[in-house]
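J.: This is data_20.txt (compact mmCIF, C-alpha atoms (C1' of nucleotides)).
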```txt
# COMPACT_ATOMS: atom_id res chain seq x y z
CA MET A 104 81.18 92.41 116.53
CA HIS A 105 81.12 94.44 113.36
CA SER A 106 81.06 98.02 114.62
CA LEU A 107 79.92 100.95 112.56
CA ASP A 108 83.53 102.08 112.83
CA SER A 109 84.76 99.04 110.96
CA VAL A 110 81.82 98.95 108.56
CA PHE A 111 82.27 102.54 107.45
CA HIS A 112 86.01 102.21 107.36
CA ALA A 113 85.72 99.15 105.15
CA LEU A 114 83.43 101.04 102.80
CA SER A 115 85.71 104.07 102.56
CA ASP A 116 87.98 102.29 100.10
CA PRO A 117 87.00 102.18 96.42
CA THR A 118 88.63 98.80 95.87
CA ARG A 119 86.58 97.31 98.66
CA ARG A 120 83.37 98.85 97.33
CA ALA A 121 84.22 97.44 93.90
CA ILE A 122 84.67 94.03 95.48
CA LEU A 123 81.22 94.30 97.01
CA ALA A 124 79.81 95.35 93.66
CA ARG A 125 81.37 92.24 92.17
CA LEU A 126 79.81 90.06 94.84
CA VAL A 127 76.36 91.34 93.98
CA ASP A 128 76.53 88.94 91.05
CA GLY A 129 77.16 86.06 93.43
CA GLU A 130 79.94 84.28 95.25
CA ALA A 131 83.52 84.71 94.08
CA THR A 132 86.94 83.48 95.14
CA VAL A 133 89.99 85.67 95.73
CA ASP A 134 91.46 84.77 92.35
CA GLN A 135 88.24 85.53 90.53
CA ILE A 136 87.93 88.82 92.34
CA THR A 137 91.54 89.75 91.65
CA VAL A 138 91.29 89.42 87.84
CA PRO A 139 89.81 92.83 86.95
CA PHE A 140 92.05 94.68 89.39
CA THR A 141 95.57 95.93 88.80
CA MET A 142 96.43 94.77 92.27
CA SER A 143 98.19 91.74 93.68
CA GLN A 144 96.27 88.82 95.10
CA PRO A 145 97.67 89.35 98.61
CA SER A 146 96.36 92.91 98.59
CA ILE A 147 92.91 91.73 97.55
CA SER A 148 93.10 89.12 100.29
CA ARG A 149 93.67 91.81 102.85
CA HIS A 150 90.81 93.91 101.52
CA LEU A 151 88.61 90.85 101.84
CA LYS A 152 89.76 90.45 105.41
CA VAL A 153 88.79 94.03 106.17
CA LEU A 154 85.37 93.47 104.60
CA GLU A 155 84.88 90.25 106.52
CA GLN A 156 85.91 91.71 109.86
CA ALA A 157 83.39 94.46 109.25
CA GLY A 158 80.77 91.79 108.70
CA LEU A 159 80.09 92.90 105.15
CA ILE A 160 81.03 89.54 103.62
CA SER A 161 81.50 85.98 104.78
CA THR A 162 83.63 83.07 103.65
CA ARG A 163 82.59 79.58 102.79
CA ILE A 164 85.29 76.92 102.67
CA ASP A 165 85.04 74.53 99.75
CA GLY A 166 88.12 72.36 99.48
CA THR A 167 90.96 74.65 98.61
CA SER A 168 88.78 77.54 97.53
CA ARG A 169 87.09 80.10 99.77
CA PRO A 170 84.15 81.72 98.00
CA ARG A 171 83.06 85.03 99.52
CA ARG A 172 79.53 86.32 99.59
CA ILE A 173 77.82 89.47 100.71
CA GLU A 174 76.45 89.44 104.24
CA PRO A 175 73.24 91.48 104.41
CA ALA A 176 73.28 92.13 108.16
CA ALA A 177 75.96 94.78 107.99
CA PHE A 178 74.02 96.62 105.33
CA THR A 179 70.90 96.70 107.41
CA ALA A 180 73.02 98.07 110.25
CA ILE A 181 73.87 101.01 108.03
CA GLU A 182 70.23 101.44 107.15
CA ASP A 183 69.33 101.50 110.82
CA TRP A 184 71.95 104.15 111.48
CA LEU A 185 70.77 106.22 108.52
CA GLU A 186 67.23 106.01 109.77
CA ARG A 187 67.92 108.58 112.48
CA TYR A 188 68.93 111.13 109.89
CA ARG A 189 65.99 110.58 107.61
CA THR A 190 63.96 112.65 110.03
CA VAL A 191 66.52 115.42 109.74
CA TRP A 192 66.16 115.91 106.06
CA GLN A 193 62.45 115.48 106.18
CA ALA A 194 62.45 118.22 108.82
CA ASN A 195 64.66 120.20 106.48
CA TYR A 196 62.15 119.94 103.71
CA ALA A 197 59.45 121.01 106.12
CA ARG A 198 61.57 124.02 107.03
CA LEU A 199 62.02 124.76 103.35
CA ASP A 200 58.28 124.65 102.93
CA SER A 201 57.74 127.17 105.66
CA VAL A 202 60.38 129.43 104.13
CA LEU A 203 58.55 129.21 100.85
CA ASP A 204 55.35 130.03 102.65
CA ASP A 205 56.99 133.10 104.16
CA LEU A 206 58.18 134.24 100.74
CA LYS A 207 54.70 133.76 99.40
CA GLN A 208 53.32 135.98 102.12
CA GLU A 209 55.89 138.66 101.27
CA ASP A 210 54.96 138.55 97.61
CA ASP A 211 51.30 138.57 98.33
CA PRO A 212 50.72 140.29 101.68
CA LEU A 213 47.35 140.67 103.28
CA MET B 83 82.68 116.97 95.33
CA HIS B 84 82.07 114.75 98.29
CA SER B 85 83.12 111.27 97.20
CA LEU B 86 81.85 108.11 98.80
CA ASP B 87 85.45 107.61 99.89
CA SER B 88 85.39 110.76 101.97
CA VAL B 89 81.82 110.26 103.15
CA PHE B 90 82.44 106.76 104.48
CA HIS B 91 85.79 107.73 105.88
CA ALA B 92 84.21 110.62 107.74
CA LEU B 93 81.59 108.28 109.17
CA SER B 94 84.13 105.69 110.31
CA ASP B 95 85.05 107.76 113.37
CA PRO B 96 82.79 107.57 116.44
CA THR B 97 83.53 111.16 117.43
CA ARG B 98 82.38 112.37 114.05
CA ARG B 99 79.22 110.27 114.19
CA ALA B 100 78.54 111.68 117.64
CA ILE B 101 78.94 115.18 116.23
CA LEU B 102 76.36 114.37 113.57
CA ALA B 103 74.03 113.00 116.24
CA ARG B 104 74.43 116.28 118.09
CA LEU B 105 73.58 118.26 114.97
CA VAL B 106 70.32 116.39 114.58
CA ASP B 107 69.03 118.70 117.31
CA GLY B 108 69.96 121.72 115.22
CA GLU B 109 72.88 124.00 114.45
CA ALA B 110 75.83 124.16 116.83
CA THR B 111 79.14 125.97 117.01
CA VAL B 112 82.51 124.36 117.61
CA ASP B 113 82.53 125.37 121.27
CA GLN B 114 79.05 124.03 121.84
CA ILE B 115 79.94 120.78 120.14
CA THR B 116 83.17 120.46 122.11
CA VAL B 117 81.52 120.61 125.56
CA PRO B 118 80.43 116.97 125.97
CA PHE B 119 83.66 115.60 124.56
CA THR B 120 86.89 114.93 126.39
CA MET B 121 88.71 116.33 123.43
CA SER B 122 90.34 119.63 122.64
CA GLN B 123 88.61 122.26 120.54
CA PRO B 124 91.21 122.07 117.77
CA SER B 125 90.58 118.35 117.44
CA ILE B 126 86.85 118.90 117.15
CA SER B 127 87.56 121.60 114.57
CA ARG B 128 89.47 119.14 112.48
CA HIS B 129 86.73 116.55 112.77
CA LEU B 130 84.29 119.17 111.58
CA LYS B 131 86.55 119.88 108.65
CA VAL B 132 86.54 116.21 107.70
CA LEU B 133 82.74 116.13 107.94
CA GLU B 134 82.42 119.27 105.87
CA GLN B 135 84.80 118.10 103.16
CA ALA B 136 82.75 114.95 102.93
CA GLY B 137 79.67 117.13 102.41
CA LEU B 138 77.97 115.81 105.54
CA ILE B 139 77.73 119.22 107.20
CA SER B 140 77.95 122.84 106.16
CA THR B 141 79.04 126.03 107.86
CA ARG B 142 77.18 129.29 108.18
CA ILE B 143 79.19 132.37 109.13
CA ASP B 144 77.52 134.61 111.67
CA GLY B 145 79.92 137.27 112.92
CA THR B 146 82.59 135.46 114.84
CA SER B 147 80.67 132.23 115.18
CA ARG B 148 80.34 129.45 112.59
CA PRO B 149 77.31 127.31 113.27
CA ARG B 150 77.39 123.91 111.59
CA ARG B 151 74.38 122.03 110.33
CA ILE B 152 73.73 118.68 108.76
CA GLU B 153 73.72 118.58 104.99
CA PRO B 154 71.18 116.02 103.74
CA ALA B 155 72.66 115.52 100.26
CA ALA B 156 75.54 113.34 101.47
CA PHE B 157 73.10 111.11 103.33
CA THR B 158 70.98 110.59 100.27
CA ALA B 159 74.19 109.69 98.41
CA ILE B 160 74.68 106.86 100.89
CA GLU B 161 71.09 105.77 100.43
CA ASP B 162 71.58 105.69 96.68
CA TRP B 163 74.67 103.56 97.10
CA LEU B 164 72.89 101.22 99.50
CA GLU B 165 70.05 100.86 97.05
CA ARG B 166 72.09 98.53 94.84
CA TYR B 167 72.54 96.12 97.74
CA ARG B 168 68.94 96.11 98.81
CA THR B 169 68.27 93.85 95.83
CA VAL B 170 71.03 91.55 97.06
CA TRP B 171 69.50 90.80 100.37
CA GLN B 172 66.04 90.63 98.94
CA ALA B 173 67.46 88.15 96.43
CA ASN B 174 69.07 86.38 99.38
CA TYR B 175 65.76 85.97 101.09
CA ALA B 176 64.30 84.74 97.80
CA ARG B 177 67.12 82.21 97.56
CA LEU B 178 66.45 81.16 101.13
CA ASP B 179 62.81 80.66 100.21
CA SER B 180 63.72 78.40 97.33
CA VAL B 181 66.07 76.42 99.57
CA LEU B 182 63.25 76.00 102.02
CA ASP B 183 61.05 74.89 99.17
CA ASP B 184 63.65 72.33 98.16
CA LEU B 185 63.84 71.02 101.70
CA LYS B 186 60.09 70.80 101.79
CA GLN B 187 60.11 68.69 98.65
CA GLU B 188 62.70 66.41 100.20
CA ASP B 189 60.63 65.96 103.32
CA ASP B 190 57.48 65.47 101.39
CA PRO B 191 58.37 64.08 97.97
CA LEU B 192 55.83 63.44 95.25
C1' DT C 93 105.76 61.84 98.35
C1' DT C 94 105.91 65.36 94.73
C1' DG C 95 104.10 68.98 92.70
C1' DC C 96 100.37 72.13 91.53
C1' DT C 97 96.76 75.29 92.83
C1' DA C 98 94.32 78.45 95.96
C1' DT C 99 94.92 81.41 99.45
C1' DA C 100 96.91 83.59 103.65
C1' DT C 101 100.60 85.80 106.23
C1' DA C 102 104.99 88.25 107.19
C1' DG C 103 108.12 91.95 106.40
C1' DC C 104 109.01 96.40 104.71
C1' DA C 105 108.48 101.11 102.99
C1' DA C 106 105.48 104.94 101.95
C1' DT C 107 101.75 107.57 103.29
C1' DA C 108 97.80 108.96 106.11
C1' DT C 109 95.33 109.84 110.32
C1' DT C 110 94.87 111.61 114.79
C1' DA C 111 95.74 113.83 119.12
C1' DG C 112 97.37 117.78 122.02
C1' DA C 113 99.83 122.17 122.64
C1' DA C 114 100.96 126.36 120.82
C1' DT C 115 99.88 129.91 117.87
C1' DG C 116 97.44 132.84 114.52
C1' DC C 117 93.64 135.59 113.13
C1' DA C 118 89.24 137.80 112.50
C1' DG C 119 85.26 140.04 114.65
C1' DT C 120 83.23 142.52 118.63
C1' DG C 121 83.00 145.56 122.56
C1' DG C 122 84.99 149.13 125.36
C1' DC D 35 93.35 151.10 119.31
C1' DC D 36 93.21 147.09 122.77
C1' DA D 37 91.64 143.12 124.77
C1' DC D 38 88.68 139.25 124.49
C1' DT D 39 86.23 135.56 122.26
C1' DG D 40 85.53 132.04 118.71
C1' DC D 41 87.69 129.36 115.80
C1' DA D 42 91.35 127.64 112.57
C1' DT D 43 96.04 126.23 111.53
C1' DT D 44 100.69 124.55 112.37
C1' DC D 45 103.87 121.45 114.53
C1' DT D 46 105.11 117.13 116.25
C1' DA D 47 104.76 112.44 117.78
C1' DA D 48 102.22 108.13 117.80
C1' DT D 49 99.76 104.91 115.33
C1' DA D 50 97.32 102.92 111.34
C1' DT D 51 96.73 101.80 106.57
C1' DT D 52 98.15 100.12 102.22
C1' DG D 53 100.87 98.30 98.64
C1' DC D 54 104.42 95.11 97.14
C1' DT D 55 107.39 90.87 97.22
C1' DA D 56 108.48 86.74 99.29
C1' DT D 57 107.00 82.94 101.72
C1' DA D 58 104.02 79.70 104.15
C1' DT D 59 100.08 76.54 104.38
C1' DA D 60 96.51 73.47 102.96
C1' DG D 61 94.05 70.60 99.71
C1' DC D 62 94.25 67.80 95.66
C1' DA D 63 96.07 64.88 92.14
C1' DA D 64 99.46 61.83 90.17
```
Output the file's structure as structure tokens, nothing else.
T.:
Amino acid sequence: MHSLDSVFHALSDPTRRAILARLVDGEATVDQITVPFTMSQPSISRHLKVLEQAGLISTRIDGTSRPRRIEPAAFTAIEDWLERYRTVWQANYARLDSVLDDLKQEDDPL
Amino acid sequence: MHSLDSVFHALSDPTRRAILARLVDGEATVDQITVPFTMSQPSISRHLKVLEQAGLISTRIDGTSRPRRIEPAAFTAIEDWLERYRTVWQANYARLDSVLDDLKQEDDPL
DNA sequence: TTGCTATATAGCAATATTAGAATGCAGTGG
DNA sequence: CCACTGCATTCTAATATTGCTATATAGCAA
């Protein structure tokens, strides 16, 4: 379904990230989302489609309106991916520590 | 600087994510990175350039070789961005709880 | 039905991305 | 200096993305 490819691609656009930021405050329809943007409604619609296909948002149909909301699962997928790299920068800090230790030994040799 | 635009765009390509996964094991040169891929060295070079411009990796020059390594800062930038949405899905769970509470009250009214 | 509102889709032009092949270039060893 | 190695850059073609305008569709209300 929503691959990391599509998730990251969806997030690479500032308009789409702004849409997500808007949806933090709760559901919103295309028209509501469009207001603050200097962009046409059809363009916002397509951005929403990209976000939805990435699994970052979902649509609820309510009569003629289609409120969008944030879909947490995609975000946790990113977290899971990031998790692998957390060890890397923790290892980096460890390496930094040992470098500092080495410097200390140079400054203050036995 | 490395914008979220460029960071997320860099991550949207599976080859580039695979390169990052490779670099978890430590520094590697273009040739070393190229080996497992069915892709030309120039293509890998350009992927590395994209990763570097996004701030996800950095290059160290050692004679004629240029070992790349993971740069943690860009990853923490993603974490910081994600942070805002953590509240959303925690809030979501909270909302789910209250819905469940409501259902409970319906099932078992005072 | 008629018309209004909310939203999606199609068509088009501009721009960006990506790949391979060919080429350039800098550093190293003889 | 010359050749070789490691890597980057240029060129070109294929494909994708993005924006707009215009148009279609679907629900609702009179």
J.: Report as an NGL selection string all protein, DNA and RNA residues lying within 7 Å of Gln135 in chain B, evaluated on all atoms listed in the file, omitting residues in the same chain fewer than 3 positions from it.
T.: :B and (84 or 131-132)
J.: How would chain A read as a PDB file with C-alpha atoms, keeping the file's coordinate frame once least-squares superposed on chain B using all paired C-alpha atoms?
T.:
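Result saved to out28.pdb:
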```
ATOM      1  CA  MET A 104      83.016 117.105  95.258  1.00  0.00           C
ATOM      2  CA  HIS A 105      82.180 114.938  98.221  1.00  0.00           C
ATOM      3  CA  SER A 106      83.212 111.468  97.080  1.00  0.00           C
ATOM      4  CA  LEU A 107      81.945 108.287  98.631  1.00  0.00           C
ATOM      5  CA  ASP A 108      85.549 107.803  99.707  1.00  0.00           C
ATOM      6  CA  SER A 109      85.465 110.911 101.849  1.00  0.00           C
ATOM      7  CA  VAL A 110      81.892 110.378 103.016  1.00  0.00           C
ATOM      8  CA  PHE A 111      82.540 106.866 104.269  1.00  0.00           C
ATOM      9  CA  HIS A 112      85.876 107.824 105.706  1.00  0.00           C
ATOM     10  CA  ALA A 113      84.273 110.675 107.612  1.00  0.00           C
ATOM     11  CA  LEU A 114      81.664 108.306 108.999  1.00  0.00           C
ATOM     12  CA  SER A 115      84.203 105.701 110.097  1.00  0.00           C
ATOM     13  CA  ASP A 116      85.082 107.716 113.186  1.00  0.00           C
ATOM     14  CA  PRO A 117      82.840 107.473 116.257  1.00  0.00           C
ATOM     15  CA  THR A 118      83.537 111.049 117.309  1.00  0.00           C
ATOM     16  CA  ARG A 119      82.400 112.306 113.943  1.00  0.00           C
ATOM     17  CA  ARG A 120      79.253 110.177 114.040  1.00  0.00           C
ATOM     18  CA  ALA A 121      78.548 111.537 117.523  1.00  0.00           C
ATOM     19  CA  ILE A 122      78.925 115.049 116.162  1.00  0.00           C
ATOM     20  CA  LEU A 123      76.363 114.272 113.488  1.00  0.00           C
ATOM     21  CA  ALA A 124      74.052 112.830 116.113  1.00  0.00           C
ATOM     22  CA  ARG A 125      74.394 116.082 118.020  1.00  0.00           C
ATOM     23  CA  LEU A 126      73.540 118.095 114.933  1.00  0.00           C
ATOM     24  CA  VAL A 127      70.297 116.204 114.501  1.00  0.00           C
ATOM     25  CA  ASP A 128      68.973 118.448 117.256  1.00  0.00           C
ATOM     26  CA  GLY A 129      69.897 121.509 115.223  1.00  0.00           C
ATOM     27  CA  GLU A 130      72.783 123.826 114.509  1.00  0.00           C
ATOM     28  CA  ALA A 131      75.718 123.954 116.905  1.00  0.00           C
ATOM     29  CA  THR A 132      79.015 125.801 117.140  1.00  0.00           C
ATOM     30  CA  VAL A 133      82.409 124.195 117.732  1.00  0.00           C
ATOM     31  CA  ASP A 134      82.379 125.162 121.400  1.00  0.00           C
ATOM     32  CA  GLN A 135      78.909 123.774 121.939  1.00  0.00           C
ATOM     33  CA  ILE A 136      79.859 120.574 120.190  1.00  0.00           C
ATOM     34  CA  THR A 137      83.082 120.239 122.158  1.00  0.00           C
ATOM     35  CA  VAL A 138      81.424 120.330 125.612  1.00  0.00           C
ATOM     36  CA  PRO A 139      80.352 116.678 125.956  1.00  0.00           C
ATOM     37  CA  PHE A 140      83.609 115.361 124.524  1.00  0.00           C
ATOM     38  CA  THR A 141      86.843 114.702 126.371  1.00  0.00           C
ATOM     39  CA  MET A 142      88.674 116.164 123.433  1.00  0.00           C
ATOM     40  CA  SER A 143      90.257 119.516 122.711  1.00  0.00           C
ATOM     41  CA  GLN A 144      88.492 122.134 120.647  1.00  0.00           C
ATOM     42  CA  PRO A 145      91.132 122.027 117.893  1.00  0.00           C
ATOM     43  CA  SER A 146      90.555 118.300 117.491  1.00  0.00           C
ATOM     44  CA  ILE A 147      86.811 118.821 117.189  1.00  0.00           C
ATOM     45  CA  SER A 148      87.509 121.559 114.665  1.00  0.00           C
ATOM     46  CA  ARG A 149      89.429 119.137 112.528  1.00  0.00           C
ATOM     47  CA  HIS A 150      86.702 116.517 112.761  1.00  0.00           C
ATOM     48  CA  LEU A 151      84.260 119.169 111.618  1.00  0.00           C
ATOM     49  CA  LYS A 152      86.527 119.938 108.703  1.00  0.00           C
ATOM     50  CA  VAL A 153      86.546 116.288 107.698  1.00  0.00           C
ATOM     51  CA  LEU A 154      82.749 116.177 107.910  1.00  0.00           C
ATOM     52  CA  GLU A 155      82.421 119.359 105.894  1.00  0.00           C
ATOM     53  CA  GLN A 156      84.825 118.265 103.179  1.00  0.00           C
ATOM     54  CA  ALA A 157      82.784 115.099 102.875  1.00  0.00           C
ATOM     55  CA  GLY A 158      79.713 117.252 102.395  1.00  0.00           C
ATOM     56  CA  LEU A 159      78.009 115.866 105.472  1.00  0.00           C
ATOM     57  CA  ILE A 160      77.725 119.255 107.188  1.00  0.00           C
ATOM     58  CA  SER A 161      77.943 122.897 106.223  1.00  0.00           C
ATOM     59  CA  THR A 162      78.972 126.067 108.004  1.00  0.00           C
ATOM     60  CA  ARG A 163      77.092 129.281 108.374  1.00  0.00           C
ATOM     61  CA  ILE A 164      79.052 132.353 109.425  1.00  0.00           C
ATOM     62  CA  ASP A 165      77.349 134.516 112.018  1.00  0.00           C
ATOM     63  CA  GLY A 166      79.689 137.163 113.355  1.00  0.00           C
ATOM     64  CA  THR A 167      82.383 135.350 115.231  1.00  0.00           C
ATOM     65  CA  SER A 168      80.509 132.080 115.490  1.00  0.00           C
ATOM     66  CA  ARG A 169      80.220 129.385 112.829  1.00  0.00           C
ATOM     67  CA  PRO A 170      77.176 127.201 113.436  1.00  0.00           C
ATOM     68  CA  ARG A 171      77.311 123.834 111.675  1.00  0.00           C
ATOM     69  CA  ARG A 172      74.331 121.966 110.348  1.00  0.00           C
ATOM     70  CA  ILE A 173      73.725 118.631 108.732  1.00  0.00           C
ATOM     71  CA  GLU A 174      73.735 118.604 104.946  1.00  0.00           C
ATOM     72  CA  PRO A 175      71.217 116.058 103.653  1.00  0.00           C
ATOM     73  CA  ALA A 176      72.718 115.614 100.184  1.00  0.00           C
ATOM     74  CA  ALA A 177      75.581 113.454 101.356  1.00  0.00           C
ATOM     75  CA  PHE A 178      73.172 111.179 103.158  1.00  0.00           C
ATOM     76  CA  THR A 179      71.077 110.673 100.089  1.00  0.00           C
ATOM     77  CA  ALA A 180      74.283 109.829  98.234  1.00  0.00           C
ATOM     78  CA  ILE A 181      74.783 106.969 100.656  1.00  0.00           C
ATOM     79  CA  GLU A 182      71.208 105.881 100.161  1.00  0.00           C
ATOM     80  CA  ASP A 183      71.715 105.853  96.416  1.00  0.00           C
ATOM     81  CA  TRP A 184      74.822 103.725  96.793  1.00  0.00           C
ATOM     82  CA  LEU A 185      73.042 101.338  99.154  1.00  0.00           C
ATOM     83  CA  GLU A 186      70.212 101.004  96.701  1.00  0.00           C
ATOM     84  CA  ARG A 187      72.274  98.729  94.466  1.00  0.00           C
ATOM     85  CA  TYR A 188      72.719  96.261  97.285  1.00  0.00           C
ATOM     86  CA  ARG A 189      69.108  96.187  98.333  1.00  0.00           C
ATOM     87  CA  THR A 190      68.485  93.925  95.374  1.00  0.00           C
ATOM     88  CA  VAL A 191      71.217  91.621  96.616  1.00  0.00           C
ATOM     89  CA  TRP A 192      69.649  90.893  99.921  1.00  0.00           C
ATOM     90  CA  GLN A 193      66.218  90.690  98.456  1.00  0.00           C
ATOM     91  CA  ALA A 194      67.653  88.126  96.038  1.00  0.00           C
ATOM     92  CA  ASN A 195      69.186  86.437  99.051  1.00  0.00           C
ATOM     93  CA  TYR A 196      65.843  86.126 100.717  1.00  0.00           C
ATOM     94  CA  ALA A 197      64.427  84.734  97.508  1.00  0.00           C
ATOM     95  CA  ARG A 198      67.229  82.178  97.476  1.00  0.00           C
ATOM     96  CA  LEU A 199      66.448  81.342 101.079  1.00  0.00           C
ATOM     97  CA  ASP A 200      62.851  80.792 100.111  1.00  0.00           C
ATOM     98  CA  SER A 201      63.785  78.357  97.410  1.00  0.00           C
ATOM     99  CA  VAL A 202      66.053  76.506  99.829  1.00  0.00           C
ATOM    100  CA  LEU A 203      63.157  76.246 102.217  1.00  0.00           C
ATOM    101  CA  ASP A 204      61.019  74.984  99.391  1.00  0.00           C
ATOM    102  CA  ASP A 205      63.608  72.318  98.626  1.00  0.00           C
ATOM    103  CA  LEU A 206      63.669  71.228 102.262  1.00  0.00           C
ATOM    104  CA  LYS A 207      59.914  71.039 102.240  1.00  0.00           C
ATOM    105  CA  GLN A 208      60.022  68.756  99.239  1.00  0.00           C
ATOM    106  CA  GLU A 209      62.545  66.514 101.005  1.00  0.00           C
ATOM    107  CA  ASP A 210      60.356  66.280 104.075  1.00  0.00           C
ATOM    108  CA  ASP A 211      57.266  65.673 102.076  1.00  0.00           C
ATOM    109  CA  PRO A 212      58.245  64.049  98.771  1.00  0.00           C
ATOM    110  CA  LEU A 213      55.801  63.181  96.063  1.00  0.00           C
TER     111      LEU A 213
END
```
J.: Show me which bits of chain C are within 12 Å of chain A, counting only C-alpha atoms (C1' of nucleotides), as a list in words.
T.: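 Applying the cut-off to the listed atoms yields DT97, DA98, DT99, DA100, DT101 and DA102 of chain C.
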J.: Listing only residues of chain D within 12 Å of chain B, what is the closest atom pair and its distance in Å (to one decimal) for each, using all atoms listed in the file, sorted by chain and residue number ascending, as CSV?
T.:
```
residue,atom,partner,partner_atom,distance
D:DT39,C1',B:Thr146,CA,8.3
D:DG40,C1',B:Thr146,CA,5.9
D:DC41,C1',B:Val112,CA,7.4
D:DA42,C1',B:Ser127,CA,7.4
D:DT43,C1',B:Pro124,CA,8.9
D:DT44,C1',B:Pro124,CA,11.2
```
J.: Could you tell me how far CA of His91 in chain B sits from CA of Ser115 in chain A, in Å to one decimal place?
T.: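 Interatomic distance here is 4.9 Å.
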J.: At a cut-off of 12 Å around the point (98.5, 104.5, 109.5) (file coordinates), what residues fall inside when counting only C-alpha atoms (C1' of nucleotides)? I'd like the answer as a PyMOL selection string.
T.: (chain C and resi 106-110) or (chain D and resi 48-52)
J.: Using all atoms listed in the file, which chain B residues lie at most 7 Å away from chain A, written as a PyMOL selection string?
T.: chain B and resi 86-88+90-91+93-96+106+154+170-171
J.: Identify the residues within 12 Å of coordinate (96.4, 94.4, 94.5) (same frame as the file), considering all atoms listed in the file, and give the answer as a list in words.
T.: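 The residues near that point, listed by chain and number, are Thr118, Arg119, Ile122, Val133, Asp134, Ile136, Thr137, Val138, Pro139, Phe140, Thr141, Met142, Ser143, Gln144, Pro145, Ser146, Ile147, Ser148, Arg149, His150 and Leu151 of chain A; DT52, DG53, DC54 and DT55 of chain D.
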J.: I want to know what sits within 6 Å of Ala131 in chain A, based on all atoms listed in the file, with residues of the same chain fewer than 4 positions away left out; could you give that as a PyMOL selection string?
T.: chain A and resi 135+170-171
J.: Pick from D:DA47, D:DA56, D:DA63, D:DC38: nearest to DG121 in chain C, with only C-alpha atoms (C1' of nucleotides) counted?
T.: D:DC38
J.: Mind giving me the straight-line distance from C1' of DT115 in chain C to CA of Ile143 in chain B in Å, one decimal?
T.: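 Here the two named atoms are 22.6 Å from each other.
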J.: Tell me, in Å to one decimal, how far CA of Ala121 in chain A is from CA of Leu159 in chain A.
T.: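 It comes out at 12.8 Å.
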J.: Please return the centre and edge lengths, in Å to one decimal, of a box with edges along x, y and z that contains all listed atoms of range 108-114 of chain A, widened by 8 Å on every side, as JSON.
T.:
```
{"center_x": 83.9, "center_y": 100.7, "center_z": 107.8, "size_x": 20.2, "size_y": 19.6, "size_z": 26.0}
```
